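Engineer: Provided herewith: model09.cif, mmCIF, C-alpha atoms.
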data_upload
loop_
_atom_site.label_atom_id
_atom_site.label_comp_id
_atom_site.auth_asym_id
_atom_site.auth_seq_id
_atom_site.Cartn_x
_atom_site.Cartn_y
_atom_site.Cartn_z
CA MET A 89 -4.76 -22.38 6.41
CA VAL A 90 -3.86 -19.30 8.47
CA ASN A 91 -0.37 -19.23 6.90
CA VAL A 92 -1.86 -19.34 3.39
CA THR A 93 -4.33 -16.56 4.19
CA LEU A 94 -1.57 -14.39 5.66
CA ALA A 95 0.61 -14.99 2.63
CA ILE A 96 -2.22 -14.02 0.28
CA VAL A 97 -3.04 -10.82 2.19
CA ALA A 98 0.66 -9.90 2.45
CA LEU A 99 1.10 -10.56 -1.26
CA ALA A 100 -1.95 -8.39 -1.95
CA GLY A 101 -0.21 -5.60 -0.05
CA HIS A 102 2.86 -6.00 -2.27
CA LEU A 103 0.69 -5.85 -5.38
CA LEU A 104 -1.07 -2.74 -4.07
CA LEU A 105 2.29 -0.99 -3.63
CA VAL A 106 3.03 -1.65 -7.31
CA ALA A 107 -0.47 -0.68 -8.46
CA ALA A 108 -0.45 2.61 -6.54
CA ALA A 109 2.97 3.61 -7.87
CA LEU A 110 2.00 2.74 -11.44
CA GLN A 111 -1.34 4.55 -11.10
CA ARG A 112 0.37 7.74 -9.96
CA LEU A 113 2.82 7.51 -12.85
CA ALA A 114 0.08 6.77 -15.39
CA THR A 115 -2.12 9.67 -14.27
CA ARG A 116 0.81 12.04 -14.03
CA MET A 117 -0.02 12.75 -10.41
CA PRO A 118 3.51 12.89 -9.06
CA LEU A 119 3.94 12.06 -5.42
CA ARG A 120 6.00 15.21 -4.94
CA HIS A 121 2.92 17.36 -5.70
CA THR A 122 0.91 15.42 -3.15
CA LEU A 123 3.62 15.72 -0.49
CA ASP A 124 3.94 19.44 -1.20
CA ARG A 125 0.17 19.94 -0.98
CA HIS A 126 0.01 18.07 2.35
CA ARG A 127 2.76 20.25 3.87
CA LEU A 128 3.21 17.62 6.58
CA LEU A 129 6.90 17.02 5.91
CA PRO A 130 9.62 19.69 6.03
CA PRO A 131 10.20 21.37 2.63
CA GLY A 132 13.47 19.48 2.12
CA LEU A 133 11.59 16.16 2.28
CA ARG A 134 8.90 17.13 -0.24
CA GLY A 135 11.07 17.46 -3.33
CA ALA A 136 11.29 15.45 -6.51
CA ALA A 137 14.27 13.36 -5.36
CA VAL A 138 12.59 12.22 -2.13
CA ALA A 139 9.30 11.52 -3.91
CA ALA A 140 11.08 9.54 -6.63
CA GLY A 141 12.89 7.57 -3.94
CA ILE A 142 9.62 6.74 -2.21
CA GLU A 143 8.05 5.67 -5.51
CA ALA A 144 11.06 3.50 -6.34
CA VAL A 145 10.99 1.83 -2.92
CA HIS A 146 7.27 1.10 -3.24
CA LEU A 147 7.65 -0.28 -6.73
CA LEU A 148 10.74 -2.36 -5.94
CA THR A 149 9.36 -3.72 -2.67
CA GLY A 150 6.12 -4.72 -4.33
CA LEU A 151 7.83 -6.36 -7.28
CA PHE A 152 10.45 -8.04 -5.08
CA GLY A 153 7.70 -9.43 -2.85
CA ALA A 154 5.78 -10.86 -5.81
CA VAL A 155 8.91 -12.40 -7.35
CA ALA A 156 10.10 -13.79 -4.00
CA PHE A 157 6.70 -15.33 -3.39
CA LEU A 158 6.53 -16.88 -6.85
CA ALA A 159 10.09 -18.18 -6.63
CA GLY A 160 9.36 -19.76 -3.25
CA GLY A 161 12.45 -18.39 -1.53
CA GLN A 162 11.72 -18.18 2.20
CA SER A 163 14.48 -15.73 3.09
CA ALA A 164 13.63 -13.35 0.24
CA TRP A 165 9.91 -13.58 1.02
CA ARG A 166 10.49 -12.83 4.70
CA PHE A 167 12.69 -9.83 3.84
CA ALA A 168 10.12 -8.51 1.34
CA CYS A 169 7.36 -8.88 3.93
CA LEU A 170 9.37 -7.01 6.55
CA ALA A 171 10.05 -4.22 4.04
CA ALA A 172 6.35 -3.99 3.18
CA ALA A 173 5.39 -4.02 6.87
CA VAL A 174 7.72 -1.08 7.55
CA GLN A 175 6.35 0.85 4.56
CA TYR A 176 2.71 0.28 5.45
CA THR A 177 3.37 1.16 9.11
CA GLY A 178 5.00 4.42 8.04
CA PHE A 179 2.19 5.11 5.63
CA ALA A 180 -0.46 4.49 8.31
CA ALA A 181 1.33 6.87 10.66
CA TYR A 182 1.64 9.50 7.91
CA LEU A 183 -2.07 9.18 7.04
CA GLY A 184 -3.04 9.41 10.71
CA ALA A 185 -0.99 12.58 11.19
CA LEU A 186 -2.34 14.01 7.94
CA ARG A 187 -5.93 13.28 8.91
CA ARG A 188 -5.43 14.80 12.35
CA ARG A 189 -3.91 17.93 10.83
CA SER A 190 -5.93 18.43 7.66
CA GLY A 191 -9.02 16.25 7.88
CA THR A 192 -9.99 13.93 5.04
CA VAL A 193 -7.90 15.10 2.10
CA PRO A 194 -6.51 13.27 -0.94
CA CYS A 195 -3.82 10.91 0.34
CA GLY A 196 -2.12 10.43 -3.00
CA CYS A 197 -2.41 6.62 -2.93
CA PHE A 198 -4.13 6.46 -6.30
CA GLY A 199 -3.88 10.05 -7.47
CA GLU A 200 -6.75 12.29 -6.42
CA ARG A 201 -9.16 9.42 -5.69
CA GLY A 202 -7.73 8.12 -2.42
CA ARG A 203 -8.57 9.94 0.82
CA ALA A 204 -6.57 10.13 4.04
CA GLY A 205 -9.46 8.79 6.09
CA GLY A 206 -10.23 5.89 8.35
CA PRO A 207 -10.60 3.32 5.55
CA ALA A 208 -7.17 4.09 4.05
CA ILE A 209 -5.54 4.07 7.49
CA THR A 210 -7.22 0.75 8.31
CA ARG A 211 -6.07 -0.73 5.00
CA ALA A 212 -2.47 0.36 5.68
CA VAL A 213 -2.55 -1.05 9.22
CA GLY A 214 -4.06 -4.30 7.96
CA PHE A 215 -1.42 -4.77 5.27
CA ALA A 216 1.34 -3.85 7.74
CA ALA A 217 0.09 -6.47 10.19
CA ALA A 218 -0.36 -9.14 7.51
CA ALA A 219 3.11 -8.53 6.06
CA GLY A 220 4.72 -8.55 9.50
CA LEU A 221 3.00 -11.77 10.50
CA ALA A 222 3.70 -13.36 7.11
CA ALA A 223 7.40 -12.64 7.59
CA VAL A 224 7.31 -14.74 10.75
CA LEU A 225 4.57 -17.32 10.13
CA ALA A 226 3.94 -17.80 6.44
CA PRO A 227 6.83 -19.18 4.45
CA ALA A 228 6.26 -19.31 0.70
CA ASN A 229 7.15 -22.99 0.33
CA SER A 230 4.40 -24.50 -1.77
CA ASP A 231 4.50 -25.78 -5.31
CA VAL A 232 4.40 -23.39 -8.28
CA SER A 233 0.75 -24.01 -9.18
CA GLU A 234 -0.35 -23.17 -5.62
CA ARG A 235 1.73 -19.99 -5.67
CA LEU A 236 0.20 -18.94 -9.00
CA VAL A 237 -3.32 -19.47 -7.62
CA ALA A 238 -2.34 -17.49 -4.51
CA LEU A 239 -1.01 -14.69 -6.76
CA ALA A 240 -4.34 -14.53 -8.61
CA VAL A 241 -6.29 -14.47 -5.34
CA ALA A 242 -3.93 -11.80 -3.95
CA ALA A 243 -4.50 -9.64 -7.03
CA ALA A 244 -8.25 -9.92 -6.44
CA VAL A 245 -7.80 -9.06 -2.74
CA ALA A 246 -5.67 -6.01 -3.63
CA GLY A 247 -8.29 -4.82 -6.10
CA LEU A 248 -11.06 -5.42 -3.60
CA ALA A 249 -9.17 -3.52 -0.89
CA GLY A 250 -8.79 -0.52 -3.19
CA TYR A 251 -12.43 -0.71 -4.24
CA VAL A 252 -13.79 -0.99 -0.70
CA VAL A 253 -11.78 2.02 0.44
CA ALA A 254 -12.99 4.03 -2.58
CA VAL A 255 -16.63 3.11 -1.87
CA LEU A 256 -16.31 3.98 1.82
CA ASP A 257 -14.71 7.31 0.89
CA ALA A 258 -17.54 8.06 -1.57
CA VAL A 259 -20.21 7.16 1.01
CA SER A 260 -18.60 9.40 3.61
CA GLU A 261 -18.42 12.29 1.11
CA VAL A 262 -22.11 11.91 0.24
CA ARG A 263 -23.01 11.78 3.93
CA GLY A 264 -20.67 14.70 4.62
CA THR A 265 -19.01 12.86 7.49
CA GLY A 266 -15.44 12.42 6.22
CA ALA A 267 -14.19 8.89 6.59
#
Please express the file's structure as structure tokens.

Structural biologist:
Amino acid sequence: MVNVTLAIVALAGHLLLVAAALQRLATRMPLRHTLDRHRLLPPGLRGAAVAAGIEAVHLLTGLFGAVAFLAGGQSAWRFACLAAAVQYTGFAAYLGALRRRSGTVPCGCFGERGRAGGPAITRAVGFAAAAGLAAVLAPANSDVSERLVALAVAAAVAGLAGYVVAVLDAVSEVRGTGA
């Protein structure tokens, strides 16, 4: 049961990578504007090419993870989980540094809505841990119907994770505490 739960949470992390990238593209909130506004990275790492590369890696990792999971390939699934774990670890570190430097500001996860606060950092750390553990403990070797059910549950978990973070951000803004 633990392996299935880890796989679902790791898959949810992959789906969230895709959803965040697509949301930024749909709302025309380019990542390069967010990186430039944060001023955390050197100017050479805030340009359109770097931002497009980050977006492409998020999108491809998320899609690759979902396809690898659905196809049931253990090696591909493990690789996708390791890639997601590295991305979420980097993102958690970036958000932590951003929060320390600038307070609770828009993180750029989902355009202007996401905040670089405790809930977003916790979500990133949680998905990094789940993906890392899933790479080691949770092979995707079940039948197709089980994998499709897991995909549906993972989509719900990803949506819930985004919703919970948004609610916690809103509560902290109302209370004036900054998450």

Engineer: Counting only C-alpha atoms, what is within 8 Å of Val193 in chain A, bar same-chain residues fewer than 6 positions away, as a ChimeraX atom specification?

Structural biologist: /A:187,203-205

Engineer: Record the distance separating CA of Leu147 in chain A and CA of Ala173 in chain A, expressed in Å with one decimal.

Structural biologist: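 Taking CA of Leu147 in chain A and CA of Ala173 in chain A, their separation equals 14.3 Å.
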
Engineer: So that I can see what lies close to Val155 in chain A, please list as a list in words the residues with an atom at most 10 Å from it, counting only C-alpha atoms and leaving out residues fewer than 4 positions away in the same chain.

Structural biologist: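 Within the cut-off, the hits are Thr149, Gly150, Leu151, Ala159, Gly160, Gly161, Ala164, Trp165 and Ala168 of chain A.
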
Engineer: Can you tell me how far CA of Gln162 in chain A sits from CA of Leu103 in chain A, in Å to one decimal?

Structural biologist: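 Computing the Euclidean distance for CA of Gln162 in chain A and CA of Leu103 in chain A yields 18.2 Å.
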
Engineer: Got a sec to resolve the PyMOL selection byres ((chain A and resi 124) around 12) on this structure and send the residues as a list of chain:residue names?

Structural biologist: A:Pro118, A:Leu119, A:Arg120, A:His121, A:Thr122, A:Leu123, A:Arg125, A:His126, A:Arg127, A:Leu128, A:Leu129, A:Pro130, A:Pro131, A:Gly132, A:Leu133, A:Arg134, A:Gly135, A:Ala136, A:Val138, A:Ala139, A:Cys195, A:Gly196

Engineer: Mind checking which residues fall within 10 Å of range 212-228 of chain A, counting all atoms listed in the file, ignoring those fewer than 3 positions away in the same chain, and posting them as a PyMOL selection string?

Structural biologist: chain A and resi 89-102+104+156-181+183+206-209+231+234-235+246+249

Engineer: CA of Gly184 in chain A and CA of Ala244 in chain A, how far apart in Å?

Structural biologist: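 Between CA of Ala244 in chain A and CA of Gly184 in chain A the gap works out to 26.4 Å.
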